[in-house]
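K.L.:
Quick one: this structure, given as structure tokens, is what I'll be asking you about.
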Amino acid sequence: MIWSTSAKPATKGRVPVNMTSDLDSPLLVDTVHGPVLYLEDVSVSFDGFKALNNLSLYINDGELRCIIGANGAGKTTMMDVITGKTRPDSGTVFFGQRIDLLTLNEQQIANVGIGRKFQKPTVFEALTVFENLELAMSSNKSVWASLLHKLSGEQRDQIEEVLALIGLQEIPHRLAGILSHGQKQWLEIGMLLMQNPRVLLVDEPVAGMTSQETERTAELLVSLAGTHSVIVVEHDMAFVRSIARTVTVLHQGSVLAEGSMDEIQANPKVIEVYLGE
Ligand SMILES: Nc1ncnc2c1ncn2[C@@H]1O[C@H](COP(=O)(O)OP(=O)(O)OP(=O)(O)O)[C@@H](O)[C@H]1O
């Protein structure tokens, strides 16, 4: 992708790290002139080994992007860089035009609107579906303070809305511990949604799911795109085909190819290093 001068993030308008109070609202994110997420020339080395090698990646507002790549291609490292878990050795990572993610810590990055769903669900098993969502809404309170806090009508509406989105509206009072694997994954996506993220990073969402659960997850992620940008890292190619508009193939820490699933599968470089394995 070629950047026009106006579309490049303005380094002059960087948000300094100490302005945490201003970073609570996802509304700060300015995407009028460009992507919601902008990674350019990002490199990460572990003991001299380049896990990311001048990686450049641009995610548009509201798009659903699938990232694929063989083991060790750099997918997890890429997500770690976006979410502040790993600091790159070099490169630029912006959220919208103004927010330099490399100046923020993990909590601040979550607060400005980048949510991450790890592969393994981490719901509170002893609490109900509803309580898990309630808890996810309030990032600063303790568990008990959150649960004893009286919900406003608006908050209740938000929980009901998310329950419907994740398909658990019939079972809000079921303990999370007895949900199926798929339901736990949806609940965790719901917990992320309670924070109103602008960007959602989702790691292998359908691993271990039944085919019915996989189908339901595809519908859920597709329905989230538009109002959120959704980045899905996934190995299941049939699933990727079922949801993807644009697929990015990572290889040895940089982008090998990008395009529709048909373009990717016909790309000789991709066939050689990944699909042809
Ligand atoms: N903390 C670390 N220390 C040393 N090497 C690391 C570390 N994290 C990742 N690597 C190496 O960097 C490379 C990229 O790893 P990464 O986990 O990003 O790949 P991946 O595409 O997510 O792979 P997978 O599909 O297996 O999860 C791998 O060779 C990995 O061994």
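Residue numbers start at 1 in each chain; chains themselves are named A, B, ... in the order of the structure tokens; ligands are numbered from 1 in the order shown.
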Can you list every residue of chain A that has an atom at most 6 Å from ligand 1, with its nearest atom pair and the distance in Å to one decimal, using only C-alpha atoms and all ligand atoms, ordered by chain then number, as a Markdown table?
P.N.:
| residue | atom | partner | partner_atom_place_in_ligand_line | distance |
| --- | --- | --- | --- | --- |
| A:Phe46 | CA | ligand 1 | 4 (C) | 4.7 |
| A:Ala51 | CA | ligand 1 | 12 (O) | 4.1 |
| A:Gly69 | CA | ligand 1 | 21 (O) | 6.0 |
| A:Ala70 | CA | ligand 1 | 25 (O) | 5.8 |
| A:Asn71 | CA | ligand 1 | 26 (O) | 3.5 |
| A:Gly72 | CA | ligand 1 | 19 (O) | 3.4 |
| A:Ala73 | CA | ligand 1 | 21 (O) | 3.7 |
| A:Gly74 | CA | ligand 1 | 18 (O) | 3.2 |
| A:Lys75 | CA | ligand 1 | 21 (O) | 3.8 |
| A:Thr76 | CA | ligand 1 | 22 (O) | 3.6 |
| A:Thr77 | CA | ligand 1 | 18 (O) | 3.7 |
K.L.:
Output N, CA and C atoms of each residue in that selection to a file, as a PDB file, in the first residue's frame.
P.N.:
ATOM      1  N   PHE A  46      14.402 -11.815  18.641  1.00  0.00           N
ATOM      2  CA  PHE A  46      14.613 -12.567  19.882  1.00  0.00           C
ATOM      3  C   PHE A  46      15.976 -13.231  19.752  1.00  0.00           C
ATOM      4  N   ALA A  51      11.702 -12.308  14.508  1.00  0.00           N
ATOM      5  CA  ALA A  51      10.323 -12.824  14.513  1.00  0.00           C
ATOM      6  C   ALA A  51       9.445 -11.946  13.634  1.00  0.00           C
ATOM      7  N   GLY A  69      -0.648 -17.941   8.287  1.00  0.00           N
ATOM      8  CA  GLY A  69       0.796 -18.133   8.164  1.00  0.00           C
ATOM      9  C   GLY A  69       1.185 -19.395   8.912  1.00  0.00           C
ATOM     10  N   ALA A  70       2.257 -20.016   8.436  1.00  0.00           N
ATOM     11  CA  ALA A  70       2.719 -21.255   9.051  1.00  0.00           C
ATOM     12  C   ALA A  70       3.185 -20.991  10.483  1.00  0.00           C
ATOM     13  N   ASN A  71       3.403 -22.043  11.239  1.00  0.00           N
ATOM     14  CA  ASN A  71       3.931 -21.892  12.599  1.00  0.00           C
ATOM     15  C   ASN A  71       5.220 -21.081  12.557  1.00  0.00           C
ATOM     16  N   GLY A  72       5.297 -20.117  13.470  1.00  0.00           N
ATOM     17  CA  GLY A  72       6.518 -19.320  13.550  1.00  0.00           C
ATOM     18  C   GLY A  72       6.566 -18.166  12.562  1.00  0.00           C
ATOM     19  N   ALA A  73       5.478 -17.920  11.828  1.00  0.00           N
ATOM     20  CA  ALA A  73       5.472 -16.852  10.819  1.00  0.00           C
ATOM     21  C   ALA A  73       5.490 -15.459  11.450  1.00  0.00           C
ATOM     22  N   GLY A  74       5.086 -15.375  12.728  1.00  0.00           N
ATOM     23  CA  GLY A  74       5.126 -14.076  13.414  1.00  0.00           C
ATOM     24  C   GLY A  74       3.758 -13.538  13.806  1.00  0.00           C
ATOM     25  N   LYS A  75       2.732 -14.360  13.690  1.00  0.00           N
ATOM     26  CA  LYS A  75       1.358 -13.890  13.940  1.00  0.00           C
ATOM     27  C   LYS A  75       1.176 -13.437  15.397  1.00  0.00           C
ATOM     28  N   THR A  76       1.623 -14.287  16.319  1.00  0.00           N
ATOM     29  CA  THR A  76       1.461 -13.942  17.742  1.00  0.00           C
ATOM     30  C   THR A  76       2.311 -12.725  18.085  1.00  0.00           C
ATOM     31  N   THR A  77       3.513 -12.689  17.561  1.00  0.00           N
ATOM     32  CA  THR A  77       4.396 -11.546  17.842  1.00  0.00           C
ATOM     33  C   THR A  77       3.752 -10.260  17.328  1.00  0.00           C
TER      34      THR A  77
END
K.L.:
Would you list the contacts of Ile178 in chain A as a list in words, taking every protein, DNA or RNA residue within 10 Å and counting only C-alpha atoms, but skipping same-chain residues closer than 4 positions in sequence?
P.N.:
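Listing them by chain and then by number gives Glu125, Ala126, Thr128, Arg174, Gln183 and Lys184 of chain A.
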K.L.:
Do a neighbour search on Ala176 in chain A at 10 Å with only C-alpha atoms, toss out local chain neighbours closer than 3 positions, and write the hits as an MDAnalysis selection string.
P.N.:
chainID A and resid 123:132 171:173 179:180 183:184 187
K.L.:
For the residues selected in the previous step, produce a file with N, CA and C atoms as a compact mmCIF listing (two decimals), in the first residue's frame.
P.N.:
# COMPACT_ATOMS: atom_id res chain seq x y z
N VAL A 123 -13.00 -17.04 31.04
CA VAL A 123 -14.18 -16.49 31.71
C VAL A 123 -14.13 -16.87 33.20
N PHE A 124 -14.91 -16.15 34.01
CA PHE A 124 -15.00 -16.50 35.43
C PHE A 124 -16.02 -17.62 35.58
N GLU A 125 -15.53 -18.84 35.81
CA GLU A 125 -16.38 -20.02 35.75
C GLU A 125 -17.44 -20.06 36.86
N ALA A 126 -17.14 -19.45 38.01
CA ALA A 126 -18.08 -19.51 39.14
C ALA A 126 -19.15 -18.43 39.05
N LEU A 127 -19.06 -17.58 38.04
CA LEU A 127 -20.07 -16.54 37.87
C LEU A 127 -20.97 -16.88 36.69
N THR A 128 -22.14 -16.22 36.65
CA THR A 128 -23.07 -16.49 35.54
C THR A 128 -22.60 -15.72 34.29
N VAL A 129 -23.25 -16.05 33.19
CA VAL A 129 -22.98 -15.37 31.93
C VAL A 129 -23.19 -13.86 32.12
N PHE A 130 -24.32 -13.51 32.71
CA PHE A 130 -24.66 -12.10 32.93
C PHE A 130 -23.60 -11.42 33.80
N GLU A 131 -23.24 -12.09 34.89
CA GLU A 131 -22.25 -11.49 35.80
C GLU A 131 -20.89 -11.30 35.12
N ASN A 132 -20.53 -12.25 34.26
CA ASN A 132 -19.27 -12.09 33.54
C ASN A 132 -19.30 -10.83 32.68
N ILE A 171 -29.76 -17.87 28.15
CA ILE A 171 -29.13 -18.47 29.33
C ILE A 171 -28.25 -17.49 30.12
N PRO A 172 -28.78 -16.28 30.39
CA PRO A 172 -27.94 -15.30 31.09
C PRO A 172 -27.55 -15.72 32.49
N HIS A 173 -28.37 -16.60 33.12
CA HIS A 173 -28.09 -16.95 34.52
C HIS A 173 -27.39 -18.30 34.67
N LEU A 179 -20.81 -23.95 30.64
CA LEU A 179 -21.06 -23.66 29.21
C LEU A 179 -20.22 -24.60 28.35
N SER A 180 -20.66 -24.78 27.11
CA SER A 180 -19.84 -25.56 26.17
C SER A 180 -18.61 -24.71 25.80
N GLN A 183 -19.64 -21.81 23.64
CA GLN A 183 -20.33 -20.76 24.39
C GLN A 183 -19.36 -19.93 25.24
N LYS A 184 -18.35 -20.61 25.79
CA LYS A 184 -17.34 -19.87 26.58
C LYS A 184 -16.59 -18.88 25.69
N LEU A 187 -18.84 -16.00 25.01
CA LEU A 187 -18.95 -15.16 26.20
C LEU A 187 -17.72 -14.26 26.32
K.L.:
Would you please extract all alpha helix (DSSP H) residues from range 58-275 of chain A, as assigned by DSSP on the backbone, and give them as an NGL selection string?
P.N.:
:A and (75-82 or 106-112 or 129-137 or 143-148 or 153-165 or 181-193 or 211-224 or 237-243 or 261-266 or 268-270)
K.L.:
With only C-alpha atoms as the counted atoms, please give the residues lying no more than 8 Å from Val232 in chain A, apart from itself and same-chain residues fewer than 4 positions off, as a ChimeraX atom specification.
P.N.:
/A:64-67,201-205
K.L.:
Neighbouring residues of Ile114 in chain A were defined as those with any atom within 6 Å, considering only C-alpha atoms; residues of the same chain fewer than 5 positions away were excluded. Please report them as a list in words.
P.N.:
Pro197, Val199 and Leu200 of chain A
K.L.:
Could the residues in this selection be written to a file with C-alpha atoms, as a PDB file, in the first residue's frame?
P.N.:
ATOM      1  CA  PRO A 197     -13.412  -1.795  21.444  1.00  0.00           C
ATOM      2  CA  VAL A 199     -10.433  -3.073  17.088  1.00  0.00           C
ATOM      3  CA  LEU A 200     -10.754  -6.714  18.118  1.00  0.00           C
TER       4      LEU A 200
END
K.L.:
Distance CA of Phe118 in chain A-CA of Asn60 in chain A, one decimal place?
P.N.:
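Result for CA of Phe118 in chain A versus CA of Asn60 in chain A: 21.8 Å, one decimal.
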K.L.:
For a quick check of understanding, using only C-alpha atoms, which of A:Leu102, A:Val93, A:Pro88, A:Val273 has the smallest distance to Gln252 in chain A?
P.N.:
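Among the listed residues, the smallest separation from Gln252 in chain A belongs to A:Val273.
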K.L.:
Given the choices A:Gly177, A:Gly259, A:Asp61, A:Glu134, which gets closest to Asp157 in chain A if the distance is worked out from only C-alpha atoms?
P.N.:
A:Glu134
